[in-house]
$ cat start31.pdb   # PDB, C-alpha atoms
MODEL        1
ATOM      1  CA  MET A 712      95.831  97.737 120.863
ATOM      2  CA  SER A 713      97.972  99.489 118.257
ATOM      3  CA  THR A 714      97.014  99.913 114.618
ATOM      4  CA  VAL A 715      99.828  97.503 113.711
ATOM      5  CA  SER A 716      98.483  94.789 116.021
ATOM      6  CA  THR A 717      94.995  95.362 114.648
ATOM      7  CA  ALA A 718      96.281  95.021 111.074
ATOM      8  CA  PHE A 719      97.995  91.709 111.816
ATOM      9  CA  GLU A 720      94.944  90.372 113.668
ATOM     10  CA  LYS A 721      92.695  91.328 110.751
ATOM     11  CA  ALA A 722      95.004  89.576 108.295
ATOM     12  CA  ALA A 723      95.122  86.434 110.430
ATOM     13  CA  ALA A 724      91.325  86.383 110.690
ATOM     14  CA  GLU A 725      91.186  86.510 106.877
ATOM     15  CA  ASP A 726      93.650  83.599 106.605
ATOM     16  CA  ARG A 727      96.436  85.610 105.041
ATOM     17  CA  ALA A 728      99.711  87.196 105.964
ATOM     18  CA  ALA A 729      99.794  90.933 106.527
ATOM     19  CA  LEU A 730     101.367  92.916 103.689
ATOM     20  CA  VAL A 731     103.913  95.500 104.823
ATOM     21  CA  GLY A 732     105.179  97.930 102.199
ATOM     22  CA  TYR A 733     108.169 100.259 102.469
ATOM     23  CA  LEU A 734     108.873 103.555 100.721
ATOM     24  CA  PRO A 735     111.273 106.343 101.703
ATOM     25  CA  ALA A 736     109.695 109.726 102.377
ATOM     26  CA  GLY A 737     110.508 112.333  99.777
ATOM     27  CA  PHE A 738     111.245 109.942  96.903
ATOM     28  CA  PRO A 739     111.067 110.919  94.117
ATOM     29  CA  ASP A 740     109.488 113.957  95.766
ATOM     30  CA  LYS A 741     107.299 114.499  98.812
ATOM     31  CA  GLN A 742     103.891 114.489  97.126
ATOM     32  CA  THR A 743     104.601 111.530  94.851
ATOM     33  CA  ALA A 744     105.870 109.568  97.850
ATOM     34  CA  ILE A 745     102.653 110.301  99.734
ATOM     35  CA  LYS A 746     100.481 109.392  96.751
ATOM     36  CA  ALA A 747     102.430 106.159  96.239
ATOM     37  CA  ALA A 748     101.969 105.209  99.908
ATOM     38  CA  LEU A 749      98.244 105.878  99.642
ATOM     39  CA  ALA A 750      98.095 103.774  96.472
ATOM     40  CA  MET A 751      99.645 100.926  98.463
ATOM     41  CA  VAL A 752      96.920 101.270 101.090
ATOM     42  CA  GLU A 753      94.142 101.364  98.503
ATOM     43  CA  ALA A 754      95.529  98.277  96.724
ATOM     44  CA  GLY A 755      95.745  96.143  99.854
ATOM     45  CA  ALA A 756      98.802  96.940 101.989
ATOM     46  CA  ASP A 757      98.093  96.597 105.703
ATOM     47  CA  VAL A 758     101.090  98.434 107.131
ATOM     48  CA  ILE A 759     103.262 101.111 105.537
ATOM     49  CA  GLU A 760     106.888 101.578 106.514
ATOM     50  CA  VAL A 761     107.829 105.183 105.878
ATOM     51  CA  GLY A 762     111.585 105.365 105.475
ATOM     52  CA  LEU A 763     113.417 108.269 107.063
ATOM     53  CA  PRO A 764     116.200 109.150 104.603
ATOM     54  CA  TYR A 765     119.635 109.011 106.184
ATOM     55  CA  SER A 766     123.066 109.739 104.755
ATOM     56  CA  ASP A 767     124.674 106.466 105.872
ATOM     57  CA  PRO A 768     122.134 103.674 105.193
ATOM     58  CA  LEU A 769     124.326 100.716 106.160
ATOM     59  CA  MET A 770     121.654  98.032 105.841
ATOM     60  CA  ASP A 771     120.244  99.216 102.525
ATOM     61  CA  GLY A 772     121.140  97.854  99.121
ATOM     62  CA  PRO A 773     121.830 100.023  96.056
ATOM     63  CA  VAL A 774     118.178 100.490  95.043
ATOM     64  CA  ILE A 775     117.052 101.968  98.357
ATOM     65  CA  ALA A 776     120.371 103.714  98.995
ATOM     66  CA  ASP A 777     120.056 105.582  95.693
ATOM     67  CA  ALA A 778     116.437 106.532  96.438
ATOM     68  CA  VAL A 779     117.413 107.826  99.870
ATOM     69  CA  TYR A 780     120.268 109.827  98.339
ATOM     70  CA  ARG A 781     117.868 111.399  95.836
ATOM     71  CA  ALA A 782     115.397 112.235  98.611
ATOM     72  CA  LEU A 783     118.112 113.934 100.635
ATOM     73  CA  LYS A 784     119.328 115.843  97.550
ATOM     74  CA  GLY A 785     115.740 116.959  97.080
ATOM     75  CA  GLY A 786     115.729 118.481 100.555
ATOM     76  CA  VAL A 787     113.549 116.011 102.456
ATOM     77  CA  LYS A 788     113.138 116.866 106.143
ATOM     78  CA  ILE A 789     111.917 114.952 109.174
ATOM     79  CA  LYS A 790     108.719 116.988 108.977
ATOM     80  CA  ASP A 791     108.118 115.429 105.546
ATOM     81  CA  VAL A 792     108.391 112.004 107.170
ATOM     82  CA  PHE A 793     105.766 112.949 109.744
ATOM     83  CA  ASP A 794     103.524 114.413 107.013
ATOM     84  CA  THR A 795     103.763 111.139 105.077
ATOM     85  CA  VAL A 796     102.942 109.166 108.213
ATOM     86  CA  GLN A 797      99.926 111.363 108.874
ATOM     87  CA  ALA A 798      98.627 110.877 105.330
ATOM     88  CA  VAL A 799      98.863 107.090 105.713
ATOM     89  CA  ALA A 800      97.258 107.142 109.156
ATOM     90  CA  ASP A 801      94.450 109.392 107.907
ATOM     91  CA  ALA A 802      93.803 106.802 105.162
ATOM     92  CA  GLY A 803      93.170 104.196 107.851
ATOM     93  CA  ALA A 804      96.376 102.181 107.610
ATOM     94  CA  ALA A 805      99.063 101.513 110.184
ATOM     95  CA  ALA A 806     102.171 103.647 109.655
ATOM     96  CA  LEU A 807     105.600 102.839 111.056
ATOM     97  CA  VAL A 808     108.799 104.789 110.516
ATOM     98  CA  MET A 809     111.822 102.755 109.436
ATOM     99  CA  THR A 810     114.866 104.659 110.611
ATOM    100  CA  TYR A 811     118.455 104.382 111.667
ATOM    101  CA  TRP A 812     118.899 105.566 115.217
ATOM    102  CA  ASN A 813     121.156 108.584 114.682
ATOM    103  CA  PRO A 814     118.451 110.931 113.311
ATOM    104  CA  VAL A 815     116.118 110.037 116.192
ATOM    105  CA  ASP A 816     118.895 110.528 118.724
ATOM    106  CA  LYS A 817     119.712 113.953 117.309
ATOM    107  CA  TYR A 818     116.038 114.967 117.270
ATOM    108  CA  GLY A 819     115.599 113.611 120.797
ATOM    109  CA  ALA A 820     113.950 110.248 121.430
ATOM    110  CA  ASP A 821     111.105 111.694 123.467
ATOM    111  CA  ALA A 822     110.466 114.599 121.090
ATOM    112  CA  PHE A 823     110.537 112.288 118.075
ATOM    113  CA  SER A 824     108.143 109.861 119.753
ATOM    114  CA  ARG A 825     105.823 112.707 120.718
ATOM    115  CA  ASP A 826     105.712 114.102 117.187
ATOM    116  CA  LEU A 827     105.351 110.657 115.625
ATOM    117  CA  ALA A 828     102.420 109.830 117.896
ATOM    118  CA  SER A 829     100.872 113.235 117.139
ATOM    119  CA  ALA A 830     101.049 112.409 113.408
ATOM    120  CA  GLY A 831      99.217 109.129 113.992
ATOM    121  CA  GLY A 832     102.304 106.945 113.668
ATOM    122  CA  ALA A 833     102.287 103.535 115.309
ATOM    123  CA  GLY A 834     105.989 103.224 116.127
ATOM    124  CA  LEU A 835     109.483 102.650 114.802
ATOM    125  CA  ILE A 836     111.487  99.944 113.090
ATOM    126  CA  THR A 837     115.097 100.473 114.158
ATOM    127  CA  PRO A 838     117.503  98.248 112.182
ATOM    128  CA  ASP A 839     120.733  99.423 113.817
ATOM    129  CA  LEU A 840     119.558  99.885 117.416
ATOM    130  CA  THR A 841     120.680  97.155 119.794
ATOM    131  CA  PRO A 842     118.765  96.268 122.975
ATOM    132  CA  GLU A 843     121.750  97.411 125.055
ATOM    133  CA  GLU A 844     121.557 100.918 123.572
ATOM    134  CA  ALA A 845     117.784 101.179 123.375
ATOM    135  CA  GLY A 846     117.080 102.674 126.810
ATOM    136  CA  PRO A 847     115.943 106.142 125.628
ATOM    137  CA  TRP A 848     113.725 104.588 122.932
ATOM    138  CA  LEU A 849     112.170 102.081 125.323
ATOM    139  CA  GLU A 850     111.336 104.872 127.741
ATOM    140  CA  ALA A 851     109.985 107.202 125.048
ATOM    141  CA  SER A 852     107.932 104.509 123.322
ATOM    142  CA  ASP A 853     106.346 103.567 126.645
ATOM    143  CA  ALA A 854     105.558 107.208 127.379
ATOM    144  CA  HIS A 855     103.875 107.762 124.009
ATOM    145  CA  GLY A 856     102.310 104.333 123.439
ATOM    146  CA  LEU A 857     104.369 103.405 120.376
ATOM    147  CA  ASP A 858     105.276 100.027 118.935
ATOM    148  CA  ARG A 859     108.930  99.106 118.683
ATOM    149  CA  VAL A 860     110.106  96.642 116.068
ATOM    150  CA  PHE A 861     113.561  95.111 116.414
ATOM    151  CA  LEU A 862     115.226  92.721 113.989
ATOM    152  CA  VAL A 863     116.128  89.061 114.420
ATOM    153  CA  ALA A 864     118.795  87.776 112.016
ATOM    154  CA  PRO A 865     119.613  84.244 110.905
ATOM    155  CA  SER A 866     122.763  84.487 113.031
ATOM    156  CA  SER A 867     120.955  85.512 116.245
ATOM    157  CA  PRO A 868     121.496  82.874 118.977
ATOM    158  CA  PRO A 869     118.542  81.754 121.145
ATOM    159  CA  GLN A 870     119.348  84.024 124.101
ATOM    160  CA  ARG A 871     119.619  86.982 121.751
ATOM    161  CA  VAL A 872     116.306  86.127 120.112
ATOM    162  CA  GLU A 873     114.698  85.984 123.546
ATOM    163  CA  THR A 874     116.096  89.395 124.483
ATOM    164  CA  ILE A 875     115.056  91.028 121.209
ATOM    165  CA  THR A 876     111.547  89.620 121.117
ATOM    166  CA  SER A 877     110.910  90.591 124.735
ATOM    167  CA  LEU A 878     111.356  94.243 123.762
ATOM    168  CA  CYS A 879     109.242  94.179 120.593
ATOM    169  CA  ARG A 880     105.696  95.449 120.241
ATOM    170  CA  GLY A 881     103.543  95.174 117.122
ATOM    171  CA  PHE A 882     105.576  92.485 115.391
ATOM    172  CA  VAL A 883     109.080  91.059 115.138
ATOM    173  CA  TYR A 884     111.089  91.706 111.982
ATOM    174  CA  ALA A 885     112.571  88.428 110.742
ATOM    175  CA  VAL A 886     115.570  89.118 108.534
ATOM    176  CA  SER A 887     115.604  86.412 105.877
ATOM    177  CA  VAL A 888     119.264  86.733 104.849
ATOM    178  CA  MET A 889     122.511  88.127 106.160
ATOM    179  CA  GLY A 890     123.350  91.223 104.154
ATOM    180  CA  ILE A 891     121.737  94.308 102.700
ATOM    181  CA  THR A 892     118.232  94.946 101.424
ATOM    182  CA  GLY A 893     117.242  94.133  97.878
ATOM    183  CA  ALA A 894     114.826  92.089  95.799
ATOM    184  CA  ARG A 895     116.085  88.575  95.077
ATOM    185  CA  ASP A 896     115.225  85.820  92.638
ATOM    186  CA  ALA A 897     114.254  83.388  95.418
ATOM    187  CA  VAL A 898     113.260  83.538  99.058
ATOM    188  CA  SER A 899     116.107  82.586 101.382
ATOM    189  CA  SER A 900     115.979  79.039 102.707
ATOM    190  CA  SER A 901     116.804  80.381 106.177
ATOM    191  CA  ALA A 902     113.685  82.560 106.421
ATOM    192  CA  ALA A 903     111.354  79.866 107.768
ATOM    193  CA  GLY A 904     113.945  78.901 110.368
ATOM    194  CA  VAL A 905     114.221  82.473 111.624
ATOM    195  CA  VAL A 906     110.440  82.674 112.004
ATOM    196  CA  ALA A 907     110.368  79.347 113.863
ATOM    197  CA  ARG A 908     113.027  80.538 116.291
ATOM    198  CA  ILE A 909     111.128  83.772 116.916
ATOM    199  CA  ARG A 910     107.979  81.798 117.725
ATOM    200  CA  GLU A 911     109.835  79.852 120.385
ATOM    201  CA  HIS A 912     110.068  83.069 122.407
ATOM    202  CA  THR A 913     107.001  85.196 121.647
ATOM    203  CA  THR A 914     103.402  85.165 120.459
ATOM    204  CA  LEU A 915     103.932  88.386 118.530
ATOM    205  CA  PRO A 916     103.568  88.148 114.748
ATOM    206  CA  ALA A 917     106.763  87.512 112.793
ATOM    207  CA  ALA A 918     107.114  89.323 109.468
ATOM    208  CA  VAL A 919     109.797  88.436 106.931
ATOM    209  CA  GLY A 920     111.785  91.137 105.170
ATOM    210  CA  LEU A 921     114.646  91.330 102.643
ATOM    211  CA  GLY A 922     114.185  89.737  99.276
ATOM    212  CA  VAL A 923     110.475  89.506  98.429
ATOM    213  CA  SER A 924     109.642  91.127  95.094
ATOM    214  CA  ASN A 925     106.503  89.513  93.620
ATOM    215  CA  GLY A 926     103.270  87.719  94.413
ATOM    216  CA  ALA A 927     104.726  84.245  94.001
ATOM    217  CA  GLN A 928     107.448  84.920  96.552
ATOM    218  CA  ALA A 929     104.900  86.566  98.855
ATOM    219  CA  ARG A 930     102.791  83.402  98.677
ATOM    220  CA  GLN A 931     105.799  81.304  99.667
ATOM    221  CA  VAL A 932     106.568  83.487 102.682
ATOM    222  CA  ALA A 933     102.904  83.681 103.700
ATOM    223  CA  GLY A 934     103.026  79.913 104.096
ATOM    224  CA  PHE A 935     105.184  80.209 107.221
ATOM    225  CA  ALA A 936     105.179  83.862 108.347
ATOM    226  CA  ASP A 937     102.571  86.252 109.749
ATOM    227  CA  GLY A 938     103.678  89.130 107.551
ATOM    228  CA  VAL A 939     105.491  89.819 104.287
ATOM    229  CA  ILE A 940     107.669  92.934 104.010
ATOM    230  CA  VAL A 941     108.460  94.401 100.582
ATOM    231  CA  GLY A 942     110.665  97.428  99.975
ATOM    232  CA  SER A 943     113.194  97.394  97.143
ATOM    233  CA  ALA A 944     110.674  96.129  94.598
ATOM    234  CA  PHE A 945     108.453  99.161  95.245
ATOM    235  CA  VAL A 946     111.357 101.578  95.136
ATOM    236  CA  ARG A 947     112.562 100.071  91.856
ATOM    237  CA  ARG A 948     109.110 100.585  90.345
ATOM    238  CA  ILE A 949     109.178 104.269  91.241
ATOM    239  CA  ALA A 950     112.771 104.762  90.120
ATOM    240  CA  GLY A 951     112.006 103.229  86.725
ATOM    241  CA  ALA A 952     108.816 105.152  86.033
ATOM    242  CA  ALA A 953     108.750 107.855  83.375
ATOM    243  CA  THR A 954     106.328 110.107  85.262
ATOM    244  CA  PRO A 955     104.921 110.408  88.799
ATOM    245  CA  ALA A 956     101.594 109.094  87.517
ATOM    246  CA  ASP A 957     103.318 106.041  86.064
ATOM    247  CA  ALA A 958     105.140 105.503  89.354
ATOM    248  CA  ILE A 959     101.916 105.511  91.350
ATOM    249  CA  ALA A 960     100.192 103.194  88.884
ATOM    250  CA  SER A 961     103.132 100.779  88.992
ATOM    251  CA  VAL A 962     103.146 100.753  92.802
ATOM    252  CA  ARG A 963      99.420 100.060  92.811
ATOM    253  CA  GLU A 964      99.873  97.176  90.362
ATOM    254  CA  LEU A 965     102.642  95.565  92.415
ATOM    255  CA  THR A 966     100.690  95.966  95.642
ATOM    256  CA  ALA A 967      97.681  94.225  94.130
ATOM    257  CA  ASP A 968      99.869  91.319  93.003
ATOM    258  CA  LEU A 969     101.438  91.020  96.447
ATOM    259  CA  ALA A 970      98.063  91.312  98.172
ATOM    260  CA  GLN A 971      96.897  88.291  96.201
ATOM    261  CA  GLY A 972     100.109  86.464  97.035
ATOM    262  CA  VAL A 973      99.759  86.796 100.810
ATOM    263  CA  ARG A 974      96.395  84.993 100.760
ATOM    264  CA  ARG A 975      96.679  81.410 101.939
ATOM    265  CA  GLY A 976      93.400  80.063 100.560
TER     266      GLY A 976
ENDMDL
END

$ encode --input "start31.pdb" --output "C-alpha cells"
Amino acid sequence: MSTVSTAFEKAAAEDRAALVGYLPAGFPDKQTAIKAALAMVEAGADVIEVGLPYSDPLMDGPVIADAVYRALKGGVKIKDVFDTVQAVADAGAAALVMTYWNPVDKYGADAFSRDLASAGGAGLITPDLTPEEAGPWLEASDAHGLDRVFLVAPSSPPQRVETITSLCRGFVYAVSVMGITGARDAVSSSAAGVVARIREHTTLPAAVGLGVSNGAQARQVAGFADGVIVGSAFVRRIAGAATPADAIASVRELTADLAQGVRRG
C-alpha cells in the first residue's frame, strides 16, 4: 500500500477528510519551500503536492502562475523538486509531484519515475496528461510502484470517468470547477456531483481541488469528499509574507485551520 493510500485510510478511520496541500518547489526559494512544506506536515497536512515549476502552466491561475515564474527565475531545477519530495517523505508524510507532462517527457518517464521513487515520492498528479497519451507513464509507474492521479472534470461524461478512474492509484482528483486554479469565495455547487460520479466507477478516494481557501470551505467539502486539496491559498500566504519566517508561520496557521475544517465530528 502506498503512503498516499495509507494517509487516506488513516483520515477515514479518524472520521475526517484527508488534507492535501500544494506548494511549488523553489518558491520563494528552495529552502523556504522545503520549510513551508514541513510546516504543513507538522500542522496536520496528510499529503503534500510538490509542484514542478513549468514555463507554460495552462491550468494554473495568476497566484500559482506568478509563484512558478518566480521559482523558475530563481533557477529551480528538477533536482530541487526531488529534494523537496525527499524532505517531505523523510518527515513521514506522503509526497506527490504535481506536474505538467512535458518536463517528465523530456526527462524520460522511466528515469523520472526511478528518481522520484528513490526520493521517497509516492507518485504524480498529471493535469494535462490524457489516458490516450499516458502509455509511457503507466508503464513507468508500474515498474517503480508509483501512484498516478488523473483528473475528473465536471464536464467528463460517464465513459470518460470510467476510463480515468480505472487508471488512477492513490486517489482521484475531482476538479470542482471548469477553469484555472485559484481560491474562491464559495465552493462550487458542482463539486459534490463530480465526487458522486467518481464513486459510481471506483472505490478509490475522491479528493476535491480548485477553490478551497479556508477551514469553513474545507468543512463543507469534507462533508462529501474523501480529501480536500488546497493550493492557491498557501501560495498567496507565502507571496504576501514579509520574510521567510513569516511565510512559514502563515502556512502553519492556515494548515491548522484547514486541518480543523476537514474533521467531520

$ closest_atom_pairs --input "start31.pdb" --of "range 850-944 of chain A" --to "range 726-748 of chain A" --cutoff "7 Å" --atoms "only C-alpha atoms" --output "JSON lines"
{"residue": "A:Ala933", "atom": "CA", "partner": "A:Ala728", "partner_atom": "CA", "distance": 5.3}
{"residue": "A:Ala936", "atom": "CA", "partner": "A:Ala728", "partner_atom": "CA", "distance": 6.8}
{"residue": "A:Asp937", "atom": "CA", "partner": "A:Ala728", "partner_atom": "CA", "distance": 4.8}
{"residue": "A:Gly938", "atom": "CA", "partner": "A:Ala729", "partner_atom": "CA", "distance": 4.4}
{"residue": "A:Val939", "atom": "CA", "partner": "A:Leu730", "partner_atom": "CA", "distance": 5.2}
{"residue": "A:Ile940", "atom": "CA", "partner": "A:Val731", "partner_atom": "CA", "distance": 4.6}
{"residue": "A:Val941", "atom": "CA", "partner": "A:Gly732", "partner_atom": "CA", "distance": 5.1}
{"residue": "A:Gly942", "atom": "CA", "partner": "A:Tyr733", "partner_atom": "CA", "distance": 4.5}

$ atom_distance --input "start31.pdb" --atom1 "CA of Asn925 in chain A" --atom2 "CA of Thr717 in chain A"
24.7 Å

$ closest_residue --input "start31.pdb" --among "A:Ala958, A:Phe935, A:Pro773, A:Ser713" --to "Leu857 in chain A" --atoms "all atoms listed in the file"
A:Ser713

$ residues_around --input "start31.pdb" --residues "range 901-918 of chain A" --least-positions-apart "5" --cutoff "10 Å" --atoms "all atoms listed in the file" --output "PyMOL selection string"
chain A and resi 716+719-720+723+728-731+862-870+872-877+879-889+931-940

$ resolve_selection --input "start31.pdb" --expression "the PyMOL selection byres ((chain A and resi 799) around 9)" --output "list of chain:residue names"
A:Ile745, A:Ala748, A:Leu749, A:Val752, A:Ile759, A:Asp794, A:Thr795, A:Val796, A:Gln797, A:Ala798, A:Ala800, A:Asp801, A:Ala802, A:Gly803, A:Ala804, A:Ala805, A:Ala806, A:Gly831, A:Gly832

$ write_last_selection --input "start31.pdb" --atoms "C-alpha atoms" --output "short mmCIF file (atom, residue, chain, number, x, y, z; two decimals), in the coordinates of the input"
data_model
loop_
_atom_site.label_atom_id
_atom_site.label_comp_id
_atom_site.auth_asym_id
_atom_site.auth_seq_id
_atom_site.Cartn_x
_atom_site.Cartn_y
_atom_site.Cartn_z
CA ILE A 745 102.65 110.30 99.73
CA ALA A 748 101.97 105.21 99.91
CA LEU A 749 98.24 105.88 99.64
CA VAL A 752 96.92 101.27 101.09
CA ILE A 759 103.26 101.11 105.54
CA ASP A 794 103.52 114.41 107.01
CA THR A 795 103.76 111.14 105.08
CA VAL A 796 102.94 109.17 108.21
CA GLN A 797 99.93 111.36 108.87
CA ALA A 798 98.63 110.88 105.33
CA ALA A 800 97.26 107.14 109.16
CA ASP A 801 94.45 109.39 107.91
CA ALA A 802 93.80 106.80 105.16
CA GLY A 803 93.17 104.20 107.85
CA ALA A 804 96.38 102.18 107.61
CA ALA A 805 99.06 101.51 110.18
CA ALA A 806 102.17 103.65 109.66
CA GLY A 831 99.22 109.13 113.99
CA GLY A 832 102.30 106.94 113.67
#

$ resolve_selection --input "start31.pdb" --expression "the PyMOL selection byres ((chain A and resi 825) around 10)" --output "NGL selection string"
:A and (819-824 or 826-830 or 832 or 851-852 or 854-857)

$ resolve_selection --input "start31.pdb" --expression "the PyMOL selection byres ((chain A and resi 944) around 10)" --output "PyMOL selection string"
chain A and resi 732-734+774-775+893-895+922-925+941-943+945-950+962+965

$ atom_distance --input "start31.pdb" --atom1 "CA of Leu921 in chain A" --atom2 "CA of Leu807 in chain A"
16.9 Å

$ atom_distance --input "start31.pdb" --atom1 "CA of Ile836 in chain A" --atom2 "CA of Asp858 in chain A"
8.5 Å

$ closest_residue --input "start31.pdb" --among "A:Ala960, A:Leu769, A:Leu878, A:Thr966" --to "Glu850 in chain A" --atoms "only C-alpha atoms"
A:Leu878

$ axis_aligned_box --input "start31.pdb" --around "range 865-869 of chain A" --padding-each-side "5 Å" --output "lines of an AutoDock Vina configuration file"
center_x = 120.7
center_y = 83.6
center_z = 116.0
size_x = 14.2
size_y = 13.8
size_z = 20.2
